[in-house]
Amino acid sequence: MQFSKMFIPTLKEIPADAEAISHILMLRAGYVRQLAAGLYIYLPLGLRVIEKINKILKEEMNAIGAQEITMPVLHPAEIWQETGRWDDIGDEMFRLKDRGGRDMCLGMTHEEVITWLAAREIRSYRNLPQIWYQIQTKLRDEARPKSGVLRTREFLMKDSYSFDADEDGLERSYQLHAEAYHKIFSRCGIKFYMVESDPGMMGGATAHEFMAPSPAGEDEITLCDKCGYSANIELACSIPKKIDVQDWTFEEVYTPEKRTVQEVSHFLKLGPEYFIKSILLISDDGPVLALVRGDQELHEKKLNRIIGKHRPAQKEEVKDIIGVEAGFIGPMNHKMRIVGDTYLKEGIYVSGANKPHYHTKGIKPGKDFDAEWYDIHIAKEGDFCHKCNAPLGVERAIEIGNIFKLGTKYSVPLKAFYLDKAGQEKPIIMGSYGIGPARIAAAVIEQNNDKDGIIWPTSIAPFDVEILPLNMKDTKTVEVAEKLYKDLTGEGVGVLIDDRDERAGIKFKDADLIGIPTHIIIGEKNLKEGLVEIKDRKTRDVVKVTVEEVAEKVKTPG
RNA sequence: CGGGGCGUAGCGCAGCCUGGUGUAGCGCACCUGCCUUGGGAGCAGGGGGUCGGAGGUUCAAAUCCUCUCGCCCCGACCA
């Protein structure tokens, strides 16, 4: 491809609206343009990257026996009403009416549609298993589109769905996907982890996410280097650091105007880990007192699974219910439900005395108060693995893929049943698996860039090689460049030739920005000795080779 | 939806606080010519603006006030 004939609008300056590195570089290097919040146009270079990723997706999906189909983006409301999601999902679904006044929506995902299909077409265990997939546009009215292509309102997704006769079959389909995903992300040159995740509203019991570590990510994951435990922070378990059990006797301490753990900790010259933080919450079944150690944070989502929907109590409510203002609440002498963090059980602590300006020292859980014990703290850096006790790390990451075991959540309401060998009618056991190609592209850029631009891995680079004839007015340069272009292209190498009549500096800058992995630099001086340079974008290593050697060297780099 | 920031030429910005400096400015990009060709050159000339929009205050508004739209960031949300 000739640079001069391709629309590659590079930008010298950093666009004001971009913050994430991948966003800045995709805009600057001419891969995408933004139409509105969360809506992007893919320019020629950007599309080439997405298509290369899609090709890998298809190859690996086909390799596990998945079959490509394509489903509509516009859905009738009925199927969403049948699964209950028409009402469960709020503003995030784009809804509309057709001219006949029928309710419709734009597909955020395709469980409903594909289950509708399965319900109609699969009747016997003989039709199972099946894995169907598509690479299709999804629309979600995101509350906050952000970080360029990472979180958009319209995006492409590879979504596949498995249909099995039983749990064993589902496990097999799930594993096939996990393996395919490992291959896909490895081929795309991404550093990633597979982590345990919260199935959330998708339903089902088991779910994993594929996470590409990057500061631009929206998720946090905990990782254990020793045993490999890895989980989204939304459900990650951890053991807080051990503390020495004190031999304090039970006594009230005067703590005037000291309310927060930090204030009291400072006042009594004791580390925050010797405190019990008591937080009053209002659940649908009344007030609940949640307890975590002073150096830990309460995990709302974990607590949510135990006590259901809840909200923090307001100042007035605290006074009414406990009889003392927030800041002096302790776990003792309450009739209400108390949920304590498991790791609070051992030890002797300080907490509020339920009396203004007093705290109690020497509280022994189990003796001075009792509670239901669960892991309800947020795992953090410095905590220990609950499986092997090794130190845990916490990293930010971009979610690039996920796999869910759905079970019968969709097959039952949409009546996707089959007859088993015994002639018994049973619901199909389903799984759902997603990958966002745009997120792969963005994650790869986040992980592979330098001050000058993008550094693509060859597998998803828009081209394999860029030829830079430095002086287009020099006939010999042009002649050699065109010959190399023809030769390489003839051998199946994807080549971009910068045939613009621009100065060398501009060509170098643009080439670095765009990030094609190998550059062939043709300069007049070297050419006089019959030499051209092959430069590695990543290492910046340059080797001089004769014109004749180029094709061979490019094919076997290094 | 809560909090914050920003809308001035294609892009990046100054001017706004404290209204009036004459035709609203600068850099880059763009057009013409010359020159130049190994890291976003140089010289000369040139084109391009509803100052996001509406209303108001005023003799006078890019500047002050009200409303509104858009975009970004933090949080909430995220099937």
# chains A, B, ... in the order shown; residues from 1 in each chain; ligands from 1
call {"tool": "interface_residues", "arguments": {"of": "chain A", "to": "chain B", "cutoff": "9 Å", "atoms": "only C-alpha atoms (C1' of nucleotides)", "output": "MDAnalysis selection string"}}
result
chainID A and resid 11:19 36:37 85 88:89 92 108:109 142:144 146 200:203 470:473 502:510 523
call {"tool": "write_last_selection", "arguments": {"atoms": "N, CA, C and O atoms", "output": "compact mmCIF listing (two decimals), in the first residue's frame"}}
result
# COMPACT_ATOMS: atom_id res chain seq x y z
N LEU A 11 -1.25 13.24 13.75
CA LEU A 11 -1.32 14.50 14.49
C LEU A 11 -0.01 14.73 15.22
O LEU A 11 0.52 13.82 15.86
N LYS A 12 0.50 15.93 15.12
CA LYS A 12 1.74 16.23 15.80
C LYS A 12 1.50 16.47 17.29
O LYS A 12 2.29 16.10 18.13
N GLU A 13 0.37 17.10 17.57
CA GLU A 13 0.11 17.44 18.97
C GLU A 13 -0.86 16.48 19.64
O GLU A 13 -1.62 15.78 18.97
N ILE A 14 -0.85 16.49 20.95
CA ILE A 14 -1.74 15.59 21.70
C ILE A 14 -3.13 16.19 21.74
O ILE A 14 -3.32 17.32 22.19
N PRO A 15 -4.13 15.47 21.26
CA PRO A 15 -5.50 15.99 21.27
C PRO A 15 -5.94 16.29 22.71
O PRO A 15 -5.66 15.51 23.62
N ALA A 16 -6.64 17.38 22.90
CA ALA A 16 -7.00 17.83 24.25
C ALA A 16 -7.91 16.85 24.97
O ALA A 16 -7.86 16.73 26.19
N ASP A 17 -8.73 16.13 24.23
CA ASP A 17 -9.73 15.27 24.85
C ASP A 17 -9.21 13.89 25.24
O ASP A 17 -9.94 13.11 25.81
N ALA A 18 -7.98 13.61 24.90
CA ALA A 18 -7.47 12.26 25.17
C ALA A 18 -6.54 12.24 26.37
O ALA A 18 -5.75 13.16 26.58
N GLU A 19 -6.68 11.20 27.15
CA GLU A 19 -5.85 11.06 28.34
C GLU A 19 -5.11 9.72 28.35
O GLU A 19 -3.91 9.65 28.56
N ALA A 36 -18.67 11.11 18.66
CA ALA A 36 -19.34 11.65 19.84
C ALA A 36 -18.86 10.81 21.01
O ALA A 36 -18.08 9.89 20.82
N ALA A 37 -19.32 11.13 22.22
CA ALA A 37 -18.87 10.37 23.38
C ALA A 37 -19.15 8.88 23.17
O ALA A 37 -20.28 8.48 22.96
N ARG A 85 -34.95 -9.62 31.64
CA ARG A 85 -33.94 -8.57 31.59
C ARG A 85 -34.47 -7.25 31.04
O ARG A 85 -33.83 -6.21 31.21
N ASP A 88 -34.99 -5.87 34.33
CA ASP A 88 -33.81 -5.86 35.20
C ASP A 88 -32.80 -4.80 34.77
O ASP A 88 -32.12 -4.19 35.59
N ILE A 89 -32.69 -4.65 33.47
CA ILE A 89 -31.71 -3.71 32.95
C ILE A 89 -32.34 -2.33 32.86
O ILE A 89 -33.48 -2.19 32.44
N GLU A 92 -29.18 1.42 30.72
CA GLU A 92 -28.06 1.06 29.86
C GLU A 92 -28.50 0.44 28.54
O GLU A 92 -27.71 0.29 27.63
N MET A 108 -27.48 -5.43 23.57
CA MET A 108 -26.29 -5.17 24.41
C MET A 108 -25.44 -6.43 24.43
O MET A 108 -24.27 -6.41 24.76
N THR A 109 -26.08 -7.55 24.14
CA THR A 109 -25.49 -8.88 24.15
C THR A 109 -26.55 -9.77 23.52
O THR A 109 -27.66 -9.30 23.23
N GLU A 142 -23.82 3.54 27.85
CA GLU A 142 -22.90 3.62 28.99
C GLU A 142 -23.11 4.90 29.79
O GLU A 142 -23.23 5.99 29.22
N ALA A 143 -23.09 4.77 31.10
CA ALA A 143 -23.21 5.94 31.95
C ALA A 143 -22.01 6.85 31.73
O ALA A 143 -22.13 8.07 31.77
N ARG A 144 -20.87 6.23 31.50
CA ARG A 144 -19.69 7.06 31.30
C ARG A 144 -18.72 6.41 30.33
O ARG A 144 -17.85 5.64 30.74
N LYS A 146 -15.43 6.16 28.26
CA LYS A 146 -14.15 6.76 28.65
C LYS A 146 -12.95 6.07 28.01
O LYS A 146 -13.09 5.00 27.42
N GLY A 200 -22.12 -11.72 38.29
CA GLY A 200 -23.01 -10.56 38.21
C GLY A 200 -24.38 -10.93 37.66
O GLY A 200 -24.90 -11.99 37.94
N MET A 201 -24.93 -10.02 36.87
CA MET A 201 -26.27 -10.20 36.35
C MET A 201 -26.35 -11.24 35.24
O MET A 201 -27.43 -11.58 34.78
N MET A 202 -25.20 -11.72 34.77
CA MET A 202 -25.24 -12.73 33.72
C MET A 202 -25.85 -14.01 34.26
O MET A 202 -26.32 -14.85 33.51
N GLY A 203 -25.78 -14.18 35.53
CA GLY A 203 -26.32 -15.39 36.13
C GLY A 203 -25.29 -16.49 36.09
O GLY A 203 -24.24 -16.36 35.46
N LEU A 470 13.89 7.88 1.71
CA LEU A 470 14.04 9.19 2.37
C LEU A 470 13.95 10.37 1.42
O LEU A 470 13.49 11.43 1.79
N ASN A 471 14.42 10.19 0.20
CA ASN A 471 14.36 11.30 -0.75
C ASN A 471 13.69 10.86 -2.04
O ASN A 471 14.30 10.20 -2.87
N MET A 472 12.45 11.27 -2.19
CA MET A 472 11.68 10.83 -3.35
C MET A 472 12.16 11.50 -4.64
O MET A 472 11.72 11.16 -5.72
N LYS A 473 13.05 12.49 -4.53
CA LYS A 473 13.56 13.16 -5.73
C LYS A 473 14.78 12.43 -6.28
O LYS A 473 15.27 12.74 -7.36
N GLU A 502 7.94 13.93 1.24
CA GLU A 502 8.14 14.63 2.52
C GLU A 502 9.60 14.52 2.92
O GLU A 502 10.34 13.67 2.43
N ARG A 503 9.98 15.35 3.86
CA ARG A 503 11.36 15.31 4.36
C ARG A 503 11.54 14.04 5.20
O ARG A 503 10.59 13.47 5.73
N ALA A 504 12.79 13.65 5.32
CA ALA A 504 13.11 12.42 6.05
C ALA A 504 12.56 12.45 7.48
O ALA A 504 12.01 11.46 7.96
N GLY A 505 12.70 13.59 8.13
CA GLY A 505 12.27 13.69 9.53
C GLY A 505 10.81 13.35 9.70
O GLY A 505 10.42 12.65 10.64
N ILE A 506 9.98 13.84 8.80
CA ILE A 506 8.54 13.58 8.88
C ILE A 506 8.27 12.09 8.72
O ILE A 506 7.47 11.50 9.43
N LYS A 507 8.97 11.47 7.79
CA LYS A 507 8.77 10.04 7.55
C LYS A 507 9.18 9.22 8.77
O LYS A 507 8.50 8.27 9.16
N PHE A 508 10.28 9.58 9.37
CA PHE A 508 10.74 8.86 10.57
C PHE A 508 9.72 9.01 11.70
O PHE A 508 9.36 8.05 12.38
N LYS A 509 9.28 10.23 11.92
CA LYS A 509 8.34 10.49 13.02
C LYS A 509 7.03 9.73 12.83
O LYS A 509 6.51 9.12 13.76
N ASP A 510 6.51 9.81 11.61
CA ASP A 510 5.25 9.12 11.34
C ASP A 510 5.41 7.60 11.47
O ASP A 510 4.53 6.92 11.97
N GLY A 523 18.33 5.32 2.15
CA GLY A 523 18.95 6.63 2.09
C GLY A 523 19.99 6.67 0.98
O GLY A 523 20.56 5.63 0.63
call {"tool": "residues_around", "arguments": {"residues": "stretch 384-401 of chain A", "least_positions_apart": "5", "cutoff": "8 Å", "atoms": "only C-alpha atoms (C1' of nucleotides)", "output": "ChimeraX atom specification"}}
result
/A:181,209-227,229,237-241,433-437,439-440,443
call {"tool": "select_by_dssp", "arguments": {"residues": "stretch 208-413 of chain A", "states": "strand (DSSP E)", "output": "PyMOL selection string"}}
result
chain A and resi 208-213+219-224+230-232+251-254+276-283+286-293+310-312+337-341+349-355+358-363+372-374+392-407
call {"tool": "select_by_dssp", "arguments": {"residues": "stretch 75-198 of chain A", "states": "alpha helix (DSSP H)", "output": "ChimeraX atom specification"}}
result
/A:77-83,85-88,111-121,167-187
call {"tool": "write_last_selection", "arguments": {"atoms": "C-alpha atoms", "output": "PDB file, in the first residue's frame"}}
result
ATOM      1  CA  ALA A  77     -38.740  -6.676  23.326  1.00  0.00           C
ATOM      2  CA  GLU A  78     -40.562  -9.979  23.866  1.00  0.00           C
ATOM      3  CA  ILE A  79     -37.505 -12.191  24.210  1.00  0.00           C
ATOM      4  CA  TRP A  80     -35.971  -9.780  26.701  1.00  0.00           C
ATOM      5  CA  GLN A  81     -39.226  -9.678  28.603  1.00  0.00           C
ATOM      6  CA  GLU A  82     -39.303 -13.459  28.778  1.00  0.00           C
ATOM      7  CA  THR A  83     -35.906 -13.622  30.501  1.00  0.00           C
ATOM      8  CA  ARG A  85     -33.941  -8.571  31.592  1.00  0.00           C
ATOM      9  CA  TRP A  86     -36.220  -6.063  29.875  1.00  0.00           C
ATOM     10  CA  ASP A  87     -37.026  -4.884  33.411  1.00  0.00           C
ATOM     11  CA  ASP A  88     -33.806  -5.857  35.203  1.00  0.00           C
ATOM     12  CA  GLU A 111     -28.117 -14.454  25.009  1.00  0.00           C
ATOM     13  CA  GLU A 112     -31.800 -13.908  24.324  1.00  0.00           C
ATOM     14  CA  VAL A 113     -31.547 -14.139  20.567  1.00  0.00           C
ATOM     15  CA  ILE A 114     -29.291 -17.157  20.456  1.00  0.00           C
ATOM     16  CA  THR A 115     -31.373 -18.990  23.042  1.00  0.00           C
ATOM     17  CA  TRP A 116     -34.474 -18.211  21.014  1.00  0.00           C
ATOM     18  CA  LEU A 117     -32.728 -19.856  18.074  1.00  0.00           C
ATOM     19  CA  ALA A 118     -31.642 -22.863  20.100  1.00  0.00           C
ATOM     20  CA  ALA A 119     -35.136 -23.268  21.533  1.00  0.00           C
ATOM     21  CA  ARG A 120     -36.502 -23.551  18.031  1.00  0.00           C
ATOM     22  CA  GLU A 121     -33.859 -25.750  16.466  1.00  0.00           C
ATOM     23  CA  GLU A 167     -22.777 -29.894  33.427  1.00  0.00           C
ATOM     24  CA  ASP A 168     -19.893 -32.061  32.235  1.00  0.00           C
ATOM     25  CA  GLY A 169     -20.509 -30.890  28.723  1.00  0.00           C
ATOM     26  CA  LEU A 170     -20.597 -27.289  29.862  1.00  0.00           C
ATOM     27  CA  GLU A 171     -17.336 -27.779  31.698  1.00  0.00           C
ATOM     28  CA  ARG A 172     -15.813 -29.102  28.478  1.00  0.00           C
ATOM     29  CA  SER A 173     -17.093 -26.156  26.422  1.00  0.00           C
ATOM     30  CA  TYR A 174     -15.882 -23.770  29.114  1.00  0.00           C
ATOM     31  CA  GLN A 175     -12.407 -25.286  29.082  1.00  0.00           C
ATOM     32  CA  LEU A 176     -12.284 -25.217  25.289  1.00  0.00           C
ATOM     33  CA  HIS A 177     -12.993 -21.506  25.445  1.00  0.00           C
ATOM     34  CA  ALA A 178     -10.444 -20.889  28.164  1.00  0.00           C
ATOM     35  CA  GLU A 179      -7.804 -22.595  26.030  1.00  0.00           C
ATOM     36  CA  ALA A 180      -8.854 -20.773  22.866  1.00  0.00           C
ATOM     37  CA  TYR A 181      -8.722 -17.474  24.743  1.00  0.00           C
ATOM     38  CA  HIS A 182      -5.212 -18.192  25.966  1.00  0.00           C
ATOM     39  CA  LYS A 183      -4.152 -18.826  22.375  1.00  0.00           C
ATOM     40  CA  ILE A 184      -5.937 -15.742  21.075  1.00  0.00           C
ATOM     41  CA  PHE A 185      -4.419 -13.336  23.564  1.00  0.00           C
ATOM     42  CA  SER A 186      -0.981 -14.884  23.270  1.00  0.00           C
ATOM     43  CA  ARG A 187      -1.099 -14.563  19.503  1.00  0.00           C
TER      44      ARG A 187
END
call {"tool": "residues_around", "arguments": {"residues": "A:Leu96", "least_positions_apart": "6", "cutoff": "8 Å", "atoms": "only C-alpha atoms (C1' of nucleotides)", "output": "PyMOL selection string"}}
result
chain A and resi 103-105
call {"tool": "residues_around", "arguments": {"residues": "B:G20", "least_positions_apart": "2", "cutoff": "12 Å", "atoms": "only C-alpha atoms (C1' of nucleotides)", "output": "PDB file with N, CA and C atoms (P, O5', C5', C4', C3', O3' and C1' of nucleotides), in the first residue's frame"}}
result
ATOM      1  P     G B  22      -7.101  46.430  18.924  1.00  0.00           P
ATOM      2  O5'   G B  22      -8.055  46.703  17.673  1.00  0.00           O
ATOM      3  C5'   G B  22      -9.419  47.030  17.851  1.00  0.00           C
ATOM      4  C4'   G B  22      -9.760  48.303  17.119  1.00  0.00           C
ATOM      5  C3'   G B  22      -9.383  48.301  15.638  1.00  0.00           C
ATOM      6  O3'   G B  22     -10.341  49.061  14.927  1.00  0.00           O
ATOM      7  C1'   G B  22      -8.317  50.097  16.719  1.00  0.00           C
ATOM      8  P     U B  58     -29.449  47.694  31.318  1.00  0.00           P
ATOM      9  O5'   U B  58     -28.045  48.166  30.748  1.00  0.00           O
ATOM     10  C5'   U B  58     -27.023  48.606  31.632  1.00  0.00           C
ATOM     11  C4'   U B  58     -25.729  48.789  30.884  1.00  0.00           C
ATOM     12  C3'   U B  58     -25.829  49.610  29.608  1.00  0.00           C
ATOM     13  O3'   U B  58     -25.831  51.003  29.874  1.00  0.00           O
ATOM     14  C1'   U B  58     -24.534  47.665  29.212  1.00  0.00           C
ATOM     15  P     C B  59     -26.793  51.926  29.010  1.00  0.00           P
ATOM     16  O5'   C B  59     -26.028  52.046  27.615  1.00  0.00           O
ATOM     17  C5'   C B  59     -26.693  52.616  26.480  1.00  0.00           C
ATOM     18  C4'   C B  59     -25.697  52.752  25.350  1.00  0.00           C
ATOM     19  C3'   C B  59     -24.907  51.495  25.054  1.00  0.00           C
ATOM     20  O3'   C B  59     -25.620  50.623  24.197  1.00  0.00           O
ATOM     21  C1'   C B  59     -23.418  53.323  25.221  1.00  0.00           C
ATOM     22  P     A B  60     -25.581  49.022  24.470  1.00  0.00           P
ATOM     23  O5'   A B  60     -24.051  48.658  24.200  1.00  0.00           O
ATOM     24  C5'   A B  60     -23.520  48.744  22.869  1.00  0.00           C
ATOM     25  C4'   A B  60     -22.041  48.477  22.888  1.00  0.00           C
ATOM     26  C3'   A B  60     -21.640  47.142  23.500  1.00  0.00           C
ATOM     27  O3'   A B  60     -21.744  46.102  22.556  1.00  0.00           O
ATOM     28  C1'   A B  60     -20.266  48.861  24.364  1.00  0.00           C
ATOM     29  P     A B  61     -22.170  44.609  23.018  1.00  0.00           P
ATOM     30  O5'   A B  61     -20.916  44.147  23.885  1.00  0.00           O
ATOM     31  C5'   A B  61     -19.607  44.005  23.310  1.00  0.00           C
ATOM     32  C4'   A B  61     -18.983  42.718  23.780  1.00  0.00           C
ATOM     33  C3'   A B  61     -19.717  41.456  23.321  1.00  0.00           C
ATOM     34  O3'   A B  61     -18.766  40.410  23.203  1.00  0.00           O
ATOM     35  C1'   A B  61     -19.774  41.581  25.659  1.00  0.00           C
ATOM     36  P     U B  63     -18.914  37.085  26.430  1.00  0.00           P
ATOM     37  O5'   U B  63     -17.678  37.357  27.394  1.00  0.00           O
ATOM     38  C5'   U B  63     -17.042  36.297  28.097  1.00  0.00           C
ATOM     39  C4'   U B  63     -15.932  36.876  28.932  1.00  0.00           C
ATOM     40  C3'   U B  63     -16.404  37.804  30.040  1.00  0.00           C
ATOM     41  O3'   U B  63     -15.636  37.600  31.215  1.00  0.00           O
ATOM     42  C1'   U B  63     -14.929  38.953  28.601  1.00  0.00           C
TER      43        U B  63
END
call {"tool": "residues_around", "arguments": {"residues": "A:Glu297", "least_positions_apart": "3", "cutoff": "10 Å", "atoms": "only C-alpha atoms (C1' of nucleotides)", "output": "list in words"}}
result
Lys277, Leu291, Val292, Arg293, Gly294, Glu300, Ile376, His377, Ile378, Ala379 and Lys380 of chain A
call {"tool": "write_last_selection", "arguments": {"atoms": "N, CA, C and O atoms", "output": "PDB file, in the first residue's frame"}}
result
ATOM      1  N   LYS A 277     -13.419  -1.315  63.092  1.00  0.00           N
ATOM      2  CA  LYS A 277     -14.229  -0.277  62.466  1.00  0.00           C
ATOM      3  C   LYS A 277     -15.663  -0.804  62.449  1.00  0.00           C
ATOM      4  O   LYS A 277     -15.911  -1.886  61.931  1.00  0.00           O
ATOM      5  N   LEU A 291     -18.426  -5.095  60.618  1.00  0.00           N
ATOM      6  CA  LEU A 291     -17.165  -4.870  61.319  1.00  0.00           C
ATOM      7  C   LEU A 291     -15.971  -5.287  60.471  1.00  0.00           C
ATOM      8  O   LEU A 291     -15.926  -6.410  59.968  1.00  0.00           O
ATOM      9  N   VAL A 292     -15.022  -4.389  60.332  1.00  0.00           N
ATOM     10  CA  VAL A 292     -13.750  -4.762  59.706  1.00  0.00           C
ATOM     11  C   VAL A 292     -12.615  -4.185  60.539  1.00  0.00           C
ATOM     12  O   VAL A 292     -12.821  -3.251  61.322  1.00  0.00           O
ATOM     13  N   ARG A 293     -11.433  -4.740  60.357  1.00  0.00           N
ATOM     14  CA  ARG A 293     -10.284  -4.239  61.108  1.00  0.00           C
ATOM     15  C   ARG A 293      -9.963  -2.817  60.662  1.00  0.00           C
ATOM     16  O   ARG A 293     -10.196  -2.458  59.503  1.00  0.00           O
ATOM     17  N   GLY A 294      -9.406  -2.035  61.559  1.00  0.00           N
ATOM     18  CA  GLY A 294      -9.165  -0.618  61.296  1.00  0.00           C
ATOM     19  C   GLY A 294      -8.319  -0.319  60.075  1.00  0.00           C
ATOM     20  O   GLY A 294      -8.439   0.746  59.480  1.00  0.00           O
ATOM     21  N   GLU A 300     -18.293  -3.615  49.851  1.00  0.00           N
ATOM     22  CA  GLU A 300     -19.746  -3.510  49.679  1.00  0.00           C
ATOM     23  C   GLU A 300     -20.324  -4.717  48.948  1.00  0.00           C
ATOM     24  O   GLU A 300     -21.382  -5.231  49.308  1.00  0.00           O
ATOM     25  N   ILE A 376     -15.312 -10.019  54.497  1.00  0.00           N
ATOM     26  CA  ILE A 376     -16.013  -8.841  53.963  1.00  0.00           C
ATOM     27  C   ILE A 376     -15.103  -7.635  53.792  1.00  0.00           C
ATOM     28  O   ILE A 376     -15.552  -6.514  53.658  1.00  0.00           O
ATOM     29  N   HIS A 377     -13.767  -7.886  53.798  1.00  0.00           N
ATOM     30  CA  HIS A 377     -12.859  -6.753  53.585  1.00  0.00           C
ATOM     31  C   HIS A 377     -12.358  -6.750  52.141  1.00  0.00           C
ATOM     32  O   HIS A 377     -12.424  -7.771  51.452  1.00  0.00           O
ATOM     33  N   ILE A 378     -11.870  -5.617  51.718  1.00  0.00           N
ATOM     34  CA  ILE A 378     -11.307  -5.502  50.369  1.00  0.00           C
ATOM     35  C   ILE A 378      -9.858  -5.972  50.410  1.00  0.00           C
ATOM     36  O   ILE A 378      -9.068  -5.476  51.213  1.00  0.00           O
ATOM     37  N   ALA A 379      -9.522  -6.928  49.526  1.00  0.00           N
ATOM     38  CA  ALA A 379      -8.134  -7.395  49.448  1.00  0.00           C
ATOM     39  C   ALA A 379      -7.259  -6.245  48.991  1.00  0.00           C
ATOM     40  O   ALA A 379      -7.672  -5.442  48.153  1.00  0.00           O
ATOM     41  N   LYS A 380      -6.069  -6.161  49.576  1.00  0.00           N
ATOM     42  CA  LYS A 380      -5.180  -5.081  49.136  1.00  0.00           C
ATOM     43  C   LYS A 380      -3.731  -5.542  49.130  1.00  0.00           C
ATOM     44  O   LYS A 380      -3.397  -6.574  49.717  1.00  0.00           O
TER      45      LYS A 380
END
call {"tool": "residues_around", "arguments": {"residues": "A:Glu316", "least_positions_apart": "4", "cutoff": "9 Å", "atoms": "only C-alpha atoms (C1' of nucleotides)", "output": "PyMOL selection string"}}
result
chain A and resi 320-321+325
call {"tool": "write_last_selection", "arguments": {"atoms": "N, CA, C and O atoms", "output": "PDB file, in the first residue's frame"}}
result
ATOM      1  N   ASP A 320     -30.224   7.452  66.388  1.00  0.00           N
ATOM      2  CA  ASP A 320     -31.486   6.825  66.766  1.00  0.00           C
ATOM      3  C   ASP A 320     -31.309   5.349  67.097  1.00  0.00           C
ATOM      4  O   ASP A 320     -31.847   4.843  68.072  1.00  0.00           O
ATOM      5  N   ILE A 321     -30.538   4.671  66.251  1.00  0.00           N
ATOM      6  CA  ILE A 321     -30.448   3.213  66.369  1.00  0.00           C
ATOM      7  C   ILE A 321     -29.436   2.791  67.439  1.00  0.00           C
ATOM      8  O   ILE A 321     -29.700   1.913  68.254  1.00  0.00           O
ATOM      9  N   GLU A 325     -23.386   9.040  68.570  1.00  0.00           N
ATOM     10  CA  GLU A 325     -23.045   9.507  67.224  1.00  0.00           C
ATOM     11  C   GLU A 325     -21.949   8.631  66.600  1.00  0.00           C
ATOM     12  O   GLU A 325     -21.174   7.979  67.316  1.00  0.00           O
TER      13      GLU A 325
END
call {"tool": "closest_residue", "arguments": {"among": "A:Ile190, A:Val318, A:Ile514, A:Val547", "to": "A:Leu488", "atoms": "only C-alpha atoms"}}
result
A:Val547
call {"tool": "closest_residue", "arguments": {"among": "A:Phe250, A:Gly327, A:Ala441, A:Tyr418", "to": "A:Asn54", "atoms": "only C-alpha atoms"}}
result
A:Ala441
call {"tool": "residues_around", "arguments": {"residues": "stretch 258-271 of chain A", "least_positions_apart": "3", "cutoff": "9 Å", "atoms": "only C-alpha atoms (C1' of nucleotides)", "output": "list of chain:residue names"}}
result
A:Thr255, A:Tyr274, A:Phe275, A:Ile276, A:Lys277, A:Gly294, A:Asp295, A:Ala326, A:Gly327, A:Phe328, A:Ser351, A:Gly352, A:His357, A:Tyr358, A:His359
call {"tool": "atom_distance", "arguments": {"atom1": "atom CA of A:Ala313", "atom2": "atom CA of A:Val288"}}
result
9.4 Å
call {"tool": "atom_distance", "arguments": {"atom1": "atom CA of A:Lys309", "atom2": "atom CA of A:Gly286"}}
result
10.7 Å
call {"tool": "closest_residue", "arguments": {"among": "B:C67, B:C74, B:A24, B:C34", "to": "B:G49", "atoms": "only C-alpha atoms (C1' of nucleotides)"}}
result
B:A24
call {"tool": "closest_residue", "arguments": {"among": "B:G4, B:G25, B:G75, B:A9", "to": "B:G47", "atoms": "only C-alpha atoms (C1' of nucleotides)"}}
result
B:A9
call {"tool": "closest_residue", "arguments": {"among": "A:Ile534, A:Val149, A:Ile521, A:Met93", "to": "A:Gly46", "atoms": "only C-alpha atoms"}}
result
A:Val149
